[in-house]
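Trainee: If you scroll down you'll find the structure; I have some questions about it.
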Amino acid sequence: LLVLLEPMVAGLAPDELFLEKSPPHALFLPEIFELLPRARVIHVLRDARDVASSVLAAGEDWLSSWTGRAGDAASTWASYVQAVRDALPKLPPKQFHEIRYENLSQSPVEVLRGCADFLRLEWDTAEIAKAVDANRAAKARANGSGTPIPVYGEVAKRSGPVVLEPKRFIRKAQPGAWKNDLSLSEKFRVWRVAHELMDELDYHWPKAMALAFGSLSTSMNLAKLALSPTRRRKKK
């Protein structure tokens with residue numbers, strides 16, 4: 001493992017940290033801490049509806065490998081989030097920090113202050129505010145990225161010394177954009193897959209929409225039951 005990581009971490013300055021932000025890591029937190037017991041994890045929790053909206057938009061652009069629908073995106077969200085919830089009792093509490101995307105958007109300096117303290121980074125609030133301003137979505141879209149993030153090892157040899165995000169990688173950065181981005185059928189698919197876990201996490205649906213979706217889901221389940229081969233055999 002150390003040999004594998006060495007090209008990526010050998011060039012780090014004393015005040016730098018190695019960051020890996022792949023979402024599937026959520027599925028392997030106990031294993032990560034077993035291999036890297038001093039690791040620290042920041043889990044960014046985001047509304048499943050906005051996640052689905054973002055994934056669908058990316059699938060039509062730079063993430064052409066994604067061929068799923070809104071329900072598939074919601075199912076992936078639910079599997080990742082549930083894996084984190086299941087792993088929490090096994091994780092070192094002082095090495096896990098969770099933030100909400102919505103809070104980060106509304107109060108970025110305050111939320112990042114908490115992240116900096118968690119990571120034991122000696123950043124003052126003025127430095128954090130400056131970084132927030134330099135990385136606002138509008139500015140990042142204008143110059144193609146935010147603050148350059150250095151990379152090392154084989155990745156640096158192939159793509160250069162800093163992270164290169166795909167074109168249009170940065171979208172609206174606006175919580176609640178799902179209300180206009182998702183069609184009614186897409187909203188229903190997200191609700192059907194993820195509404196129970198969303199409710200546990202205080203991501204609630206408009207009452208009228210939830211009632212309508214609940215009735216529709218019940219009707220679909222009854223129709224599926226009526227048409228099932230087992231049901232037809234029993235009738236015979």
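Labels for the structure tokens follow display order: chains A, B, ..., residues from 1 in each chain, ligands from 1.
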Give me the residues near Leu29 in chain A as a list of chain:residue names, where near means some atom within 8 Å (using only C-alpha atoms) and where sequence neighbours in that chain fewer than 6 positions away do not count.
Mentor: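 In the requested format, the answer is A:Val84, A:Ala87, A:Leu91.
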Trainee: Filtering to N, CA and C atoms, could you give me those residues as a CSV table (one decimal), in the first residue's frame?
Mentor:
```csv
chain,number,residue,atom,x,y,z
A,84,VAL,N,-22.6,4.6,4.6
A,84,VAL,CA,-22.0,5.5,5.6
A,84,VAL,C,-22.7,5.3,6.9
A,87,ALA,N,-21.7,2.1,8.6
A,87,ALA,CA,-20.3,2.1,9.0
A,87,ALA,C,-20.0,2.9,10.2
A,91,LEU,N,-16.5,3.4,13.1
A,91,LEU,CA,-15.5,4.4,12.7
A,91,LEU,C,-15.0,5.2,13.9
```
Trainee: Please return, as a list in words, all residues of range 41-151 of chain A that DSSP assigns to strand (DSSP E) on the basis of the backbone.
Mentor: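 Output for range 41-151 of chain A, strand (DSSP E) only: Val41, Ile42, His43, Val44, Leu45, Phe96, His97, Glu98, Ile99 and Arg100 of chain A.
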Trainee: In range 34-187 of chain A, what's alpha helix (DSSP H) per DSSP? Answer as a PyMOL selection string?
Mentor: chain A and resi 34-35+48-59+70-87+101-106+108-118+125-134+137-143+153-159+178-181+184-187
Trainee: Print the selection's residues with C-alpha atoms to a file, as an mmCIF file, in the first residue's frame.
Mentor:
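Output file again-v5.cif follows:
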```cif
data_model
loop_
_atom_site.group_PDB
_atom_site.id
_atom_site.type_symbol
_atom_site.label_atom_id
_atom_site.label_comp_id
_atom_site.auth_asym_id
_atom_site.auth_seq_id
_atom_site.Cartn_x
_atom_site.Cartn_y
_atom_site.Cartn_z
ATOM 1 C CA GLU A 34 -8.183 -0.600 8.548
ATOM 2 C CA LEU A 35 -5.578 0.147 5.876
ATOM 3 C CA ALA A 48 -30.916 12.922 -3.408
ATOM 4 C CA ARG A 49 -33.027 14.981 -5.808
ATOM 5 C CA ASP A 50 -30.205 17.399 -6.523
ATOM 6 C CA VAL A 51 -27.795 14.489 -6.872
ATOM 7 C CA ALA A 52 -30.081 12.893 -9.456
ATOM 8 C CA SER A 53 -30.438 16.192 -11.301
ATOM 9 C CA SER A 54 -26.676 16.662 -11.382
ATOM 10 C CA VAL A 55 -25.960 13.101 -12.531
ATOM 11 C CA LEU A 56 -28.558 13.246 -15.294
ATOM 12 C CA ALA A 57 -27.153 16.534 -16.566
ATOM 13 C CA ALA A 58 -23.621 15.142 -16.504
ATOM 14 C CA GLY A 59 -24.793 12.041 -18.365
ATOM 15 C CA ALA A 70 -33.284 9.332 -12.180
ATOM 16 C CA GLY A 71 -34.219 6.236 -10.188
ATOM 17 C CA ASP A 72 -30.807 4.715 -10.837
ATOM 18 C CA ALA A 73 -29.085 7.865 -9.593
ATOM 19 C CA ALA A 74 -31.277 7.876 -6.480
ATOM 20 C CA SER A 75 -30.527 4.193 -5.874
ATOM 21 C CA THR A 76 -26.788 4.893 -6.058
ATOM 22 C CA TRP A 77 -27.222 7.813 -3.644
ATOM 23 C CA ALA A 78 -29.159 5.624 -1.216
ATOM 24 C CA SER A 79 -26.582 2.820 -1.324
ATOM 25 C CA TYR A 80 -23.716 5.218 -0.597
ATOM 26 C CA VAL A 81 -25.506 7.109 2.159
ATOM 27 C CA GLN A 82 -26.781 3.944 3.832
ATOM 28 C CA ALA A 83 -23.290 2.427 3.712
ATOM 29 C CA VAL A 84 -21.954 5.452 5.595
ATOM 30 C CA ARG A 85 -24.740 5.211 8.186
ATOM 31 C CA ASP A 86 -24.057 1.490 8.664
ATOM 32 C CA ALA A 87 -20.313 2.066 9.019
ATOM 33 C CA TYR A 101 -24.095 20.502 0.834
ATOM 34 C CA GLU A 102 -26.982 22.860 1.531
ATOM 35 C CA ASN A 103 -25.257 24.334 4.606
ATOM 36 C CA LEU A 104 -22.007 24.626 2.671
ATOM 37 C CA SER A 105 -23.814 26.589 -0.020
ATOM 38 C CA GLN A 106 -25.588 28.866 2.451
ATOM 39 C CA PRO A 108 -19.515 28.364 3.222
ATOM 40 C CA VAL A 109 -17.074 30.153 5.507
ATOM 41 C CA GLU A 110 -18.604 28.741 8.671
ATOM 42 C CA VAL A 111 -18.852 25.194 7.321
ATOM 43 C CA LEU A 112 -15.295 25.252 5.983
ATOM 44 C CA ARG A 113 -14.099 26.658 9.295
ATOM 45 C CA GLY A 114 -15.391 23.466 10.870
ATOM 46 C CA CYS A 115 -13.683 21.353 8.196
ATOM 47 C CA ALA A 116 -10.376 23.154 8.716
ATOM 48 C CA ASP A 117 -10.572 22.613 12.456
ATOM 49 C CA PHE A 118 -11.408 18.935 11.915
ATOM 50 C CA THR A 125 -11.214 32.877 8.778
ATOM 51 C CA ALA A 126 -9.955 35.561 6.391
ATOM 52 C CA GLU A 127 -8.021 32.946 4.398
ATOM 53 C CA ILE A 128 -11.083 30.734 4.222
ATOM 54 C CA ALA A 129 -13.256 33.635 3.067
ATOM 55 C CA LYS A 130 -10.716 34.446 0.354
ATOM 56 C CA ALA A 131 -10.710 30.829 -0.817
ATOM 57 C CA VAL A 132 -14.510 30.770 -0.884
ATOM 58 C CA ASP A 133 -14.611 33.891 -3.014
ATOM 59 C CA ALA A 134 -12.003 32.529 -5.443
ATOM 60 C CA ALA A 137 -19.328 28.721 -9.031
ATOM 61 C CA ALA A 138 -19.571 31.697 -11.367
ATOM 62 C CA LYS A 139 -15.846 32.403 -11.158
ATOM 63 C CA ALA A 140 -14.908 28.751 -11.476
ATOM 64 C CA ARG A 141 -17.090 28.382 -14.568
ATOM 65 C CA ALA A 142 -15.505 31.460 -16.090
ATOM 66 C CA ASN A 143 -11.920 30.222 -15.773
ATOM 67 C CA GLY A 153 2.468 10.286 -9.699
ATOM 68 C CA GLU A 154 1.270 8.648 -12.906
ATOM 69 C CA VAL A 155 -1.793 10.910 -13.104
ATOM 70 C CA ALA A 156 0.440 13.967 -13.246
ATOM 71 C CA LYS A 157 2.483 12.362 -16.029
ATOM 72 C CA ARG A 158 -0.638 11.782 -18.096
ATOM 73 C CA SER A 159 -2.713 14.898 -17.446
ATOM 74 C CA TRP A 178 -34.142 19.746 -8.821
ATOM 75 C CA LYS A 179 -37.527 21.463 -8.611
ATOM 76 C CA ASN A 180 -37.062 22.832 -12.122
ATOM 77 C CA ASP A 181 -34.513 20.365 -13.499
ATOM 78 C CA LEU A 184 -42.542 14.934 -12.726
ATOM 79 C CA SER A 185 -41.818 11.317 -13.686
ATOM 80 C CA GLU A 186 -38.161 11.724 -12.665
ATOM 81 C CA LYS A 187 -39.220 13.151 -9.314
#
```
Trainee: Just the number, please: distance in Å from CA of Ala177 in chain A to CA of Arg46 in chain A, one decimal.
Mentor: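 If I compute the distance from CA of Ala177 in chain A to CA of Arg46 in chain A, I get 12.2 Å.
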Trainee: List the spatial neighbours of His204 in chain A as an mmCIF file with all heavy atoms, in the first residue's frame - criterion: any atom at most 8 Å away, only C-alpha atoms, same-chain residues fewer than 3 positions off excluded.
Mentor:
```cif
data_model
loop_
_atom_site.group_PDB
_atom_site.id
_atom_site.type_symbol
_atom_site.label_atom_id
_atom_site.label_comp_id
_atom_site.auth_asym_id
_atom_site.auth_seq_id
_atom_site.Cartn_x
_atom_site.Cartn_y
_atom_site.Cartn_z
ATOM 1 N N HIS A 195 -37.293 7.883 -0.784
ATOM 2 C CA HIS A 195 -38.007 8.787 0.123
ATOM 3 C C HIS A 195 -37.885 8.403 1.591
ATOM 4 O O HIS A 195 -37.856 9.276 2.463
ATOM 5 C CB HIS A 195 -39.485 8.907 -0.275
ATOM 6 C CG HIS A 195 -40.315 7.701 0.048
ATOM 7 N ND1 HIS A 195 -40.378 6.587 -0.777
ATOM 8 C CD2 HIS A 195 -41.126 7.414 1.110
ATOM 9 C CE1 HIS A 195 -41.194 5.701 -0.249
ATOM 10 N NE2 HIS A 195 -41.645 6.162 0.900
ATOM 11 N N MET A 198 -34.498 9.546 2.744
ATOM 12 C CA MET A 198 -34.505 11.012 2.708
ATOM 13 C C MET A 198 -35.240 11.573 3.929
ATOM 14 O O MET A 198 -34.787 12.552 4.538
ATOM 15 C CB MET A 198 -35.159 11.499 1.416
ATOM 16 C CG MET A 198 -34.345 11.233 0.157
ATOM 17 S SD MET A 198 -35.216 11.741 -1.353
ATOM 18 C CE MET A 198 -35.265 13.534 -1.102
ATOM 19 N N ASP A 199 -36.373 10.975 4.282
ATOM 20 C CA ASP A 199 -37.123 11.442 5.454
ATOM 21 C C ASP A 199 -36.287 11.306 6.719
ATOM 22 O O ASP A 199 -36.304 12.195 7.592
ATOM 23 C CB ASP A 199 -38.419 10.646 5.609
ATOM 24 C CG ASP A 199 -39.516 11.120 4.665
ATOM 25 O OD1 ASP A 199 -39.403 12.248 4.149
ATOM 26 O OD2 ASP A 199 -40.466 10.355 4.428
#
```
Trainee: Work out how far apart CA of Glu6 in chain A and CA of Pro148 in chain A are and give it in Å to one decimal.
Mentor: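 Those two atoms sit 21.3 Å apart.
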Trainee: Ranking A:Leu182, A:Met220, A:Val41, A:Val190 by minimum distance to Pro93 in chain A and counting only C-alpha atoms, which one comes first?
Mentor: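 Result for the nearest residue to Pro93 in chain A: A:Val41.
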Trainee: Considering only C-alpha atoms, state which residue in the set A:Leu45, A:Leu63, A:Val9, A:Ala208 is at the smallest distance from Ala26 in chain A.
Mentor: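 Using only C-alpha atoms, the shortest distance to Ala26 in chain A belongs to A:Leu45.
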